[in-house]
Structures are given as structure tokens and as C-alpha cells.
file start12.cif (mmCIF, C-alpha atoms)
data_final
loop_
_atom_site.group_PDB
_atom_site.id
_atom_site.type_symbol
_atom_site.label_atom_id
_atom_site.label_comp_id
_atom_site.auth_asym_id
_atom_site.auth_seq_id
_atom_site.Cartn_x
_atom_site.Cartn_y
_atom_site.Cartn_z
ATOM 1 C CA MET R 1 44.765 177.898 -146.765
ATOM 2 C CA ASN R 2 43.556 179.545 -149.995
ATOM 3 C CA GLU R 3 40.661 177.097 -150.160
ATOM 4 C CA LEU R 4 37.388 178.442 -151.565
ATOM 5 C CA VAL R 5 34.465 177.951 -149.193
ATOM 6 C CA GLU R 6 30.894 178.993 -149.921
ATOM 7 C CA ILE R 7 29.223 180.901 -147.130
ATOM 8 C CA GLY R 8 26.749 178.704 -145.295
ATOM 9 C CA LYS R 9 28.097 175.475 -146.774
ATOM 10 C CA PRO R 10 30.191 173.023 -144.781
ATOM 11 C CA ARG R 11 33.859 172.716 -145.680
ATOM 12 C CA GLY R 12 34.288 170.125 -148.394
ATOM 13 C CA TRP R 13 30.898 170.879 -149.992
ATOM 14 C CA PRO R 14 31.346 170.573 -153.759
ATOM 15 C CA MET R 15 31.780 173.866 -155.538
ATOM 16 C CA PRO R 16 29.920 174.270 -158.848
ATOM 17 C CA THR R 17 31.929 173.097 -161.835
ATOM 18 C CA THR R 18 31.242 173.270 -165.545
ATOM 19 C CA GLU R 19 29.607 169.839 -165.223
ATOM 20 C CA THR R 20 27.090 171.069 -162.624
ATOM 21 C CA ILE R 21 26.175 174.395 -164.230
ATOM 22 C CA ILE R 22 22.837 174.389 -166.069
ATOM 23 C CA TYR R 23 22.549 176.683 -169.105
ATOM 24 C CA PRO R 24 18.953 177.998 -169.256
ATOM 25 C CA GLU R 25 19.049 178.973 -172.939
ATOM 26 C CA GLY R 26 18.830 175.265 -173.799
ATOM 27 C CA VAL R 27 15.278 175.104 -172.462
ATOM 28 C CA GLU R 28 14.352 178.066 -174.641
ATOM 29 C CA LEU R 29 15.743 176.233 -177.676
ATOM 30 C CA LYS R 30 13.671 173.174 -176.816
ATOM 31 C CA ILE R 31 10.489 175.231 -176.487
ATOM 32 C CA ALA R 32 11.146 176.938 -179.831
ATOM 33 C CA ARG R 33 11.854 173.582 -181.509
ATOM 34 C CA ILE R 34 8.642 172.036 -180.171
ATOM 35 C CA ARG R 35 6.591 175.083 -181.199
ATOM 36 C CA ALA R 36 8.057 174.745 -184.691
ATOM 37 C CA GLY R 37 6.867 171.125 -184.755
ATOM 38 C CA LEU R 38 10.379 169.714 -185.150
ATOM 39 C CA ARG R 39 11.913 166.614 -183.618
ATOM 40 C CA GLN R 40 15.389 166.612 -182.099
ATOM 41 C CA TYR R 41 16.810 164.353 -184.788
ATOM 42 C CA GLU R 42 15.471 166.631 -187.536
ATOM 43 C CA VAL R 43 17.185 169.697 -186.111
ATOM 44 C CA ALA R 44 20.352 167.786 -185.197
ATOM 45 C CA THR R 45 20.826 166.286 -188.657
ATOM 46 C CA SER R 46 20.058 169.646 -190.289
ATOM 47 C CA VAL R 47 22.893 171.335 -188.370
ATOM 48 C CA GLY R 48 25.308 168.402 -188.549
ATOM 49 C CA ILE R 49 25.357 167.153 -184.955
ATOM 50 C CA LEU R 50 24.176 163.980 -183.253
ATOM 51 C CA PRO R 51 20.731 164.043 -181.605
ATOM 52 C CA ASN R 52 22.236 163.248 -178.194
ATOM 53 C CA ARG R 53 24.337 166.434 -178.391
ATOM 54 C CA LEU R 54 21.218 168.499 -179.101
ATOM 55 C CA SER R 55 19.556 166.744 -176.162
ATOM 56 C CA GLU R 56 22.436 167.788 -173.890
ATOM 57 C CA ILE R 57 22.162 171.382 -175.141
ATOM 58 C CA GLU R 58 18.391 171.480 -174.577
ATOM 59 C CA ALA R 59 18.780 169.977 -171.096
ATOM 60 C CA GLY R 60 21.287 172.705 -170.232
ATOM 61 C CA ARG R 61 24.155 170.273 -169.692
ATOM 62 C CA ARG R 62 26.133 171.603 -172.642
ATOM 63 C CA ARG R 63 26.558 175.105 -174.045
ATOM 64 C CA PRO R 64 26.693 175.353 -177.849
ATOM 65 C CA SER R 65 29.249 177.497 -179.613
ATOM 66 C CA PRO R 66 27.836 180.762 -180.976
ATOM 67 C CA GLU R 67 28.110 179.352 -184.503
ATOM 68 C CA LEU R 68 26.196 176.179 -183.625
ATOM 69 C CA LEU R 69 23.552 178.165 -181.760
ATOM 70 C CA GLU R 70 23.061 180.347 -184.825
ATOM 71 C CA ARG R 71 22.684 177.278 -187.092
ATOM 72 C CA ILE R 72 20.139 175.703 -184.731
ATOM 73 C CA LEU R 73 18.108 178.901 -184.541
ATOM 74 C CA ARG R 74 18.184 179.268 -188.328
ATOM 75 C CA VAL R 75 16.737 175.758 -188.774
ATOM 76 C CA ILE R 76 14.035 176.333 -186.153
ATOM 77 C CA LYS R 77 13.066 179.746 -187.509
ATOM 78 C CA SER R 78 13.005 178.632 -191.134
ATOM 79 C CA ASP R 79 10.703 175.735 -190.278
ATOM 80 C CA SER R 80 8.462 178.038 -188.227
ATOM 81 C CA ASN R 81 8.217 180.383 -191.211
ATOM 82 C CA ASP R 82 7.440 177.466 -193.546
ATOM 83 C CA GLN R 83 4.617 176.294 -191.264
ATOM 84 C CA ALA R 84 3.164 179.806 -191.007
ATOM 85 C CA GLU R 85 3.094 180.105 -194.812
ATOM 86 C CA THR R 86 1.328 176.752 -195.251
ATOM 87 C CA LYS R 87 -1.352 177.726 -192.699
ATOM 88 C CA SER R 88 -2.109 180.997 -194.548
#
call {"tool": "encode", "arguments": {"input": "start12.cif", "output": "C-alpha cells"}}
result
Amino acid sequence: MNELVEIGKPRGWPMPTTETIIYPEGVELKIARIRAGLRQYEVATSVGILPNRLSEIEAGRRRPSPELLERILRVIKSDSNDQAETKS
């Protein structure tokens, strides 16, 4: 009797799980990576993960640990800074 039911959804409708939750920060990472002119495999190998894991993070299917997120951002930002210096 302690069954969770969403309002307006029929009984038995699947409740969101960690597999169905989309993490929007992944899209922001993807945009930043593309603006920096980097490919997924370049960022992934720089931070020590497989490209398919970075793909899952960017698609919002996987949430990175705070440490991994920091490493990814460092790689993207350092490349963005390098490109800005070469254009000057």
C-alpha cells in the first residue's frame, strides 16, 4: 500500500530512475568542447577516460564525479586559452 504513484499517471507508470534522469550539465560540456575546437577522443584521452564515457556524460546519461568534471573543464579551458593566444 506504500506504493509511489505520480499524480496524473496511471498506476504502474514507470517512475524516473537514475537510468532515465538526464543531466543537463553534459550538454554544456559538449558546447564548451566544440567551441574549444576539441574532439571527444582528445578530451577523453587527456583526462584518462574512454571516449564512450565522455559521450555518455555529454548526452546527460551519466554524471561525472566532481574530480572528473574538474579535469574535463581544465582540458577544455586550457585549449580555449591556447587557441585565443594563437589568434592574437
call {"tool": "resolve_selection", "arguments": {"input": "start12.cif", "expression": "the PyMOL selection byres ((chain R and resi 48-55) around 10)", "output": "PDB file with C-alpha atoms, in the coordinates of the input"}}
result
ATOM      1  CA  GLY R  26      18.830 175.265-173.799  1.00  0.00           C
ATOM      2  CA  LEU R  29      15.743 176.233-177.676  1.00  0.00           C
ATOM      3  CA  LYS R  30      13.671 173.174-176.816  1.00  0.00           C
ATOM      4  CA  ARG R  39      11.913 166.614-183.618  1.00  0.00           C
ATOM      5  CA  GLN R  40      15.389 166.612-182.099  1.00  0.00           C
ATOM      6  CA  TYR R  41      16.810 164.353-184.788  1.00  0.00           C
ATOM      7  CA  GLU R  42      15.471 166.631-187.536  1.00  0.00           C
ATOM      8  CA  VAL R  43      17.185 169.697-186.111  1.00  0.00           C
ATOM      9  CA  ALA R  44      20.352 167.786-185.197  1.00  0.00           C
ATOM     10  CA  THR R  45      20.826 166.286-188.657  1.00  0.00           C
ATOM     11  CA  SER R  46      20.058 169.646-190.289  1.00  0.00           C
ATOM     12  CA  VAL R  47      22.893 171.335-188.370  1.00  0.00           C
ATOM     13  CA  GLU R  56      22.436 167.788-173.890  1.00  0.00           C
ATOM     14  CA  ILE R  57      22.162 171.382-175.141  1.00  0.00           C
ATOM     15  CA  GLU R  58      18.391 171.480-174.577  1.00  0.00           C
ATOM     16  CA  ALA R  59      18.780 169.977-171.096  1.00  0.00           C
ATOM     17  CA  GLY R  60      21.287 172.705-170.232  1.00  0.00           C
ATOM     18  CA  ARG R  61      24.155 170.273-169.692  1.00  0.00           C
ATOM     19  CA  ARG R  62      26.133 171.603-172.642  1.00  0.00           C
ATOM     20  CA  ARG R  63      26.558 175.105-174.045  1.00  0.00           C
ATOM     21  CA  PRO R  64      26.693 175.353-177.849  1.00  0.00           C
ATOM     22  CA  LEU R  68      26.196 176.179-183.625  1.00  0.00           C
ATOM     23  CA  ARG R  71      22.684 177.278-187.092  1.00  0.00           C
ATOM     24  CA  ILE R  72      20.139 175.703-184.731  1.00  0.00           C
TER      25      ILE R  72
END
call {"tool": "atom_distance", "arguments": {"input": "start12.cif", "atom1": "atom CA of R:Ala32", "atom2": "atom CA of R:Ile76"}}
result
7.0 Å
call {"tool": "atom_distance", "arguments": {"input": "start12.cif", "atom1": "atom CA of R:Arg33", "atom2": "atom CA of R:Glu70"}}
result
13.5 Å
call {"tool": "closest_residue", "arguments": {"input": "start12.cif", "among": "R:Arg74, R:Ile22, R:Ser65, R:Asp79", "to": "R:Ile34", "atoms": "all atoms listed in the file"}}
result
R:Asp79
call {"tool": "axis_aligned_box", "arguments": {"input": "start12.cif", "around": "stretch 26-30 of chain R", "padding_each_side": "4 Å", "output": "AutoDock Vina command-line options"}}
result
--center_x 16.3 --center_y 175.6 --center_z -175.1 --size_x 13.2 --size_y 12.9 --size_z 13.2
call {"tool": "build_atoms", "arguments": {"input": "start12.cif", "residues": "stretch 19-48 of chain R", "atoms": "N, CA and C atoms", "output": "PDB file, in the coordinates of the input"}}
result
ATOM      1  N   GLU R  19      30.511 170.980-165.075  1.00  0.00           N
ATOM      2  CA  GLU R  19      29.607 169.839-165.223  1.00  0.00           C
ATOM      3  C   GLU R  19      28.301 170.041-164.462  1.00  0.00           C
ATOM      4  N   THR R  20      28.299 170.895-163.426  1.00  0.00           N
ATOM      5  CA  THR R  20      27.090 171.069-162.624  1.00  0.00           C
ATOM      6  C   THR R  20      26.320 172.334-162.986  1.00  0.00           C
ATOM      7  N   ILE R  21      26.859 173.173-163.838  1.00  0.00           N
ATOM      8  CA  ILE R  21      26.175 174.395-164.230  1.00  0.00           C
ATOM      9  C   ILE R  21      25.123 174.055-165.284  1.00  0.00           C
ATOM     10  N   ILE R  22      23.918 174.592-165.113  1.00  0.00           N
ATOM     11  CA  ILE R  22      22.837 174.389-166.069  1.00  0.00           C
ATOM     12  C   ILE R  22      22.693 175.672-166.884  1.00  0.00           C
ATOM     13  N   TYR R  23      22.676 175.539-168.211  1.00  0.00           N
ATOM     14  CA  TYR R  23      22.549 176.683-169.105  1.00  0.00           C
ATOM     15  C   TYR R  23      21.089 176.832-169.511  1.00  0.00           C
ATOM     16  N   PRO R  24      20.401 177.877-169.041  1.00  0.00           N
ATOM     17  CA  PRO R  24      18.953 177.998-169.256  1.00  0.00           C
ATOM     18  C   PRO R  24      18.535 178.229-170.705  1.00  0.00           C
ATOM     19  N   GLU R  25      19.441 178.719-171.552  1.00  0.00           N
ATOM     20  CA  GLU R  25      19.049 178.973-172.939  1.00  0.00           C
ATOM     21  C   GLU R  25      18.691 177.683-173.672  1.00  0.00           C
ATOM     22  N   GLY R  26      19.166 176.547-173.184  1.00  0.00           N
ATOM     23  CA  GLY R  26      18.830 175.265-173.799  1.00  0.00           C
ATOM     24  C   GLY R  26      17.345 174.963-173.735  1.00  0.00           C
ATOM     25  N   VAL R  27      16.720 175.318-172.616  1.00  0.00           N
ATOM     26  CA  VAL R  27      15.278 175.104-172.462  1.00  0.00           C
ATOM     27  C   VAL R  27      14.514 175.966-173.464  1.00  0.00           C
ATOM     28  N   GLU R  28      14.995 177.185-173.668  1.00  0.00           N
ATOM     29  CA  GLU R  28      14.352 178.066-174.641  1.00  0.00           C
ATOM     30  C   GLU R  28      14.453 177.494-176.048  1.00  0.00           C
ATOM     31  N   LEU R  29      15.594 176.886-176.376  1.00  0.00           N
ATOM     32  CA  LEU R  29      15.743 176.233-177.676  1.00  0.00           C
ATOM     33  C   LEU R  29      14.745 175.096-177.824  1.00  0.00           C
ATOM     34  N   LYS R  30      14.594 174.313-176.778  1.00  0.00           N
ATOM     35  CA  LYS R  30      13.671 173.174-176.816  1.00  0.00           C
ATOM     36  C   LYS R  30      12.242 173.659-177.043  1.00  0.00           C
ATOM     37  N   ILE R  31      11.840 174.693-176.326  1.00  0.00           N
ATOM     38  CA  ILE R  31      10.489 175.231-176.487  1.00  0.00           C
ATOM     39  C   ILE R  31      10.276 175.717-177.916  1.00  0.00           C
ATOM     40  N   ALA R  32      11.257 176.438-178.461  1.00  0.00           N
ATOM     41  CA  ALA R  32      11.146 176.938-179.831  1.00  0.00           C
ATOM     42  C   ALA R  32      11.066 175.784-180.835  1.00  0.00           C
ATOM     43  N   ARG R  33      11.865 174.746-180.606  1.00  0.00           N
ATOM     44  CA  ARG R  33      11.854 173.582-181.509  1.00  0.00           C
ATOM     45  C   ARG R  33      10.490 172.900-181.490  1.00  0.00           C
ATOM     46  N   ILE R  34       9.942 172.698-180.291  1.00  0.00           N
ATOM     47  CA  ILE R  34       8.642 172.036-180.171  1.00  0.00           C
ATOM     48  C   ILE R  34       7.541 172.884-180.806  1.00  0.00           C
ATOM     49  N   ARG R  35       7.589 174.188-180.580  1.00  0.00           N
ATOM     50  CA  ARG R  35       6.591 175.083-181.199  1.00  0.00           C
ATOM     51  C   ARG R  35       6.672 175.045-182.722  1.00  0.00           C
ATOM     52  N   ALA R  36       7.877 174.831-183.237  1.00  0.00           N
ATOM     53  CA  ALA R  36       8.057 174.745-184.691  1.00  0.00           C
ATOM     54  C   ALA R  36       7.626 173.385-185.231  1.00  0.00           C
ATOM     55  N   GLY R  37       7.310 172.448-184.322  1.00  0.00           N
ATOM     56  CA  GLY R  37       6.867 171.125-184.755  1.00  0.00           C
ATOM     57  C   GLY R  37       8.002 170.231-185.223  1.00  0.00           C
ATOM     58  N   LEU R  38       9.208 170.492-184.732  1.00  0.00           N
ATOM     59  CA  LEU R  38      10.379 169.714-185.150  1.00  0.00           C
ATOM     60  C   LEU R  38      10.786 168.714-184.082  1.00  0.00           C
ATOM     61  N   ARG R  39      11.358 167.616-184.530  1.00  0.00           N
ATOM     62  CA  ARG R  39      11.913 166.614-183.618  1.00  0.00           C
ATOM     63  C   ARG R  39      13.404 166.884-183.459  1.00  0.00           C
ATOM     64  N   GLN R  40      13.962 166.388-182.359  1.00  0.00           N
ATOM     65  CA  GLN R  40      15.389 166.612-182.099  1.00  0.00           C
ATOM     66  C   GLN R  40      16.248 166.107-183.244  1.00  0.00           C
ATOM     67  N   TYR R  41      15.951 164.911-183.739  1.00  0.00           N
ATOM     68  CA  TYR R  41      16.810 164.353-184.788  1.00  0.00           C
ATOM     69  C   TYR R  41      16.735 165.171-186.065  1.00  0.00           C
ATOM     70  N   GLU R  42      15.592 165.804-186.333  1.00  0.00           N
ATOM     71  CA  GLU R  42      15.471 166.631-187.536  1.00  0.00           C
ATOM     72  C   GLU R  42      16.378 167.851-187.451  1.00  0.00           C
ATOM     73  N   VAL R  43      16.343 168.512-186.300  1.00  0.00           N
ATOM     74  CA  VAL R  43      17.185 169.697-186.111  1.00  0.00           C
ATOM     75  C   VAL R  43      18.652 169.291-186.082  1.00  0.00           C
ATOM     76  N   ALA R  44      18.956 168.229-185.337  1.00  0.00           N
ATOM     77  CA  ALA R  44      20.352 167.786-185.197  1.00  0.00           C
ATOM     78  C   ALA R  44      20.961 167.442-186.553  1.00  0.00           C
ATOM     79  N   THR R  45      20.260 166.661-187.354  1.00  0.00           N
ATOM     80  CA  THR R  45      20.826 166.286-188.657  1.00  0.00           C
ATOM     81  C   THR R  45      20.928 167.491-189.590  1.00  0.00           C
ATOM     82  N   SER R  46      20.008 168.440-189.451  1.00  0.00           N
ATOM     83  CA  SER R  46      20.058 169.646-190.289  1.00  0.00           C
ATOM     84  C   SER R  46      21.279 170.510-189.998  1.00  0.00           C
ATOM     85  N   VAL R  47      21.742 170.500-188.740  1.00  0.00           N
ATOM     86  CA  VAL R  47      22.893 171.335-188.370  1.00  0.00           C
ATOM     87  C   VAL R  47      24.187 170.542-188.285  1.00  0.00           C
ATOM     88  N   GLY R  48      24.095 169.221-188.499  1.00  0.00           N
ATOM     89  CA  GLY R  48      25.308 168.402-188.549  1.00  0.00           C
ATOM     90  C   GLY R  48      25.839 167.916-187.216  1.00  0.00           C
TER      91      GLY R  48
END
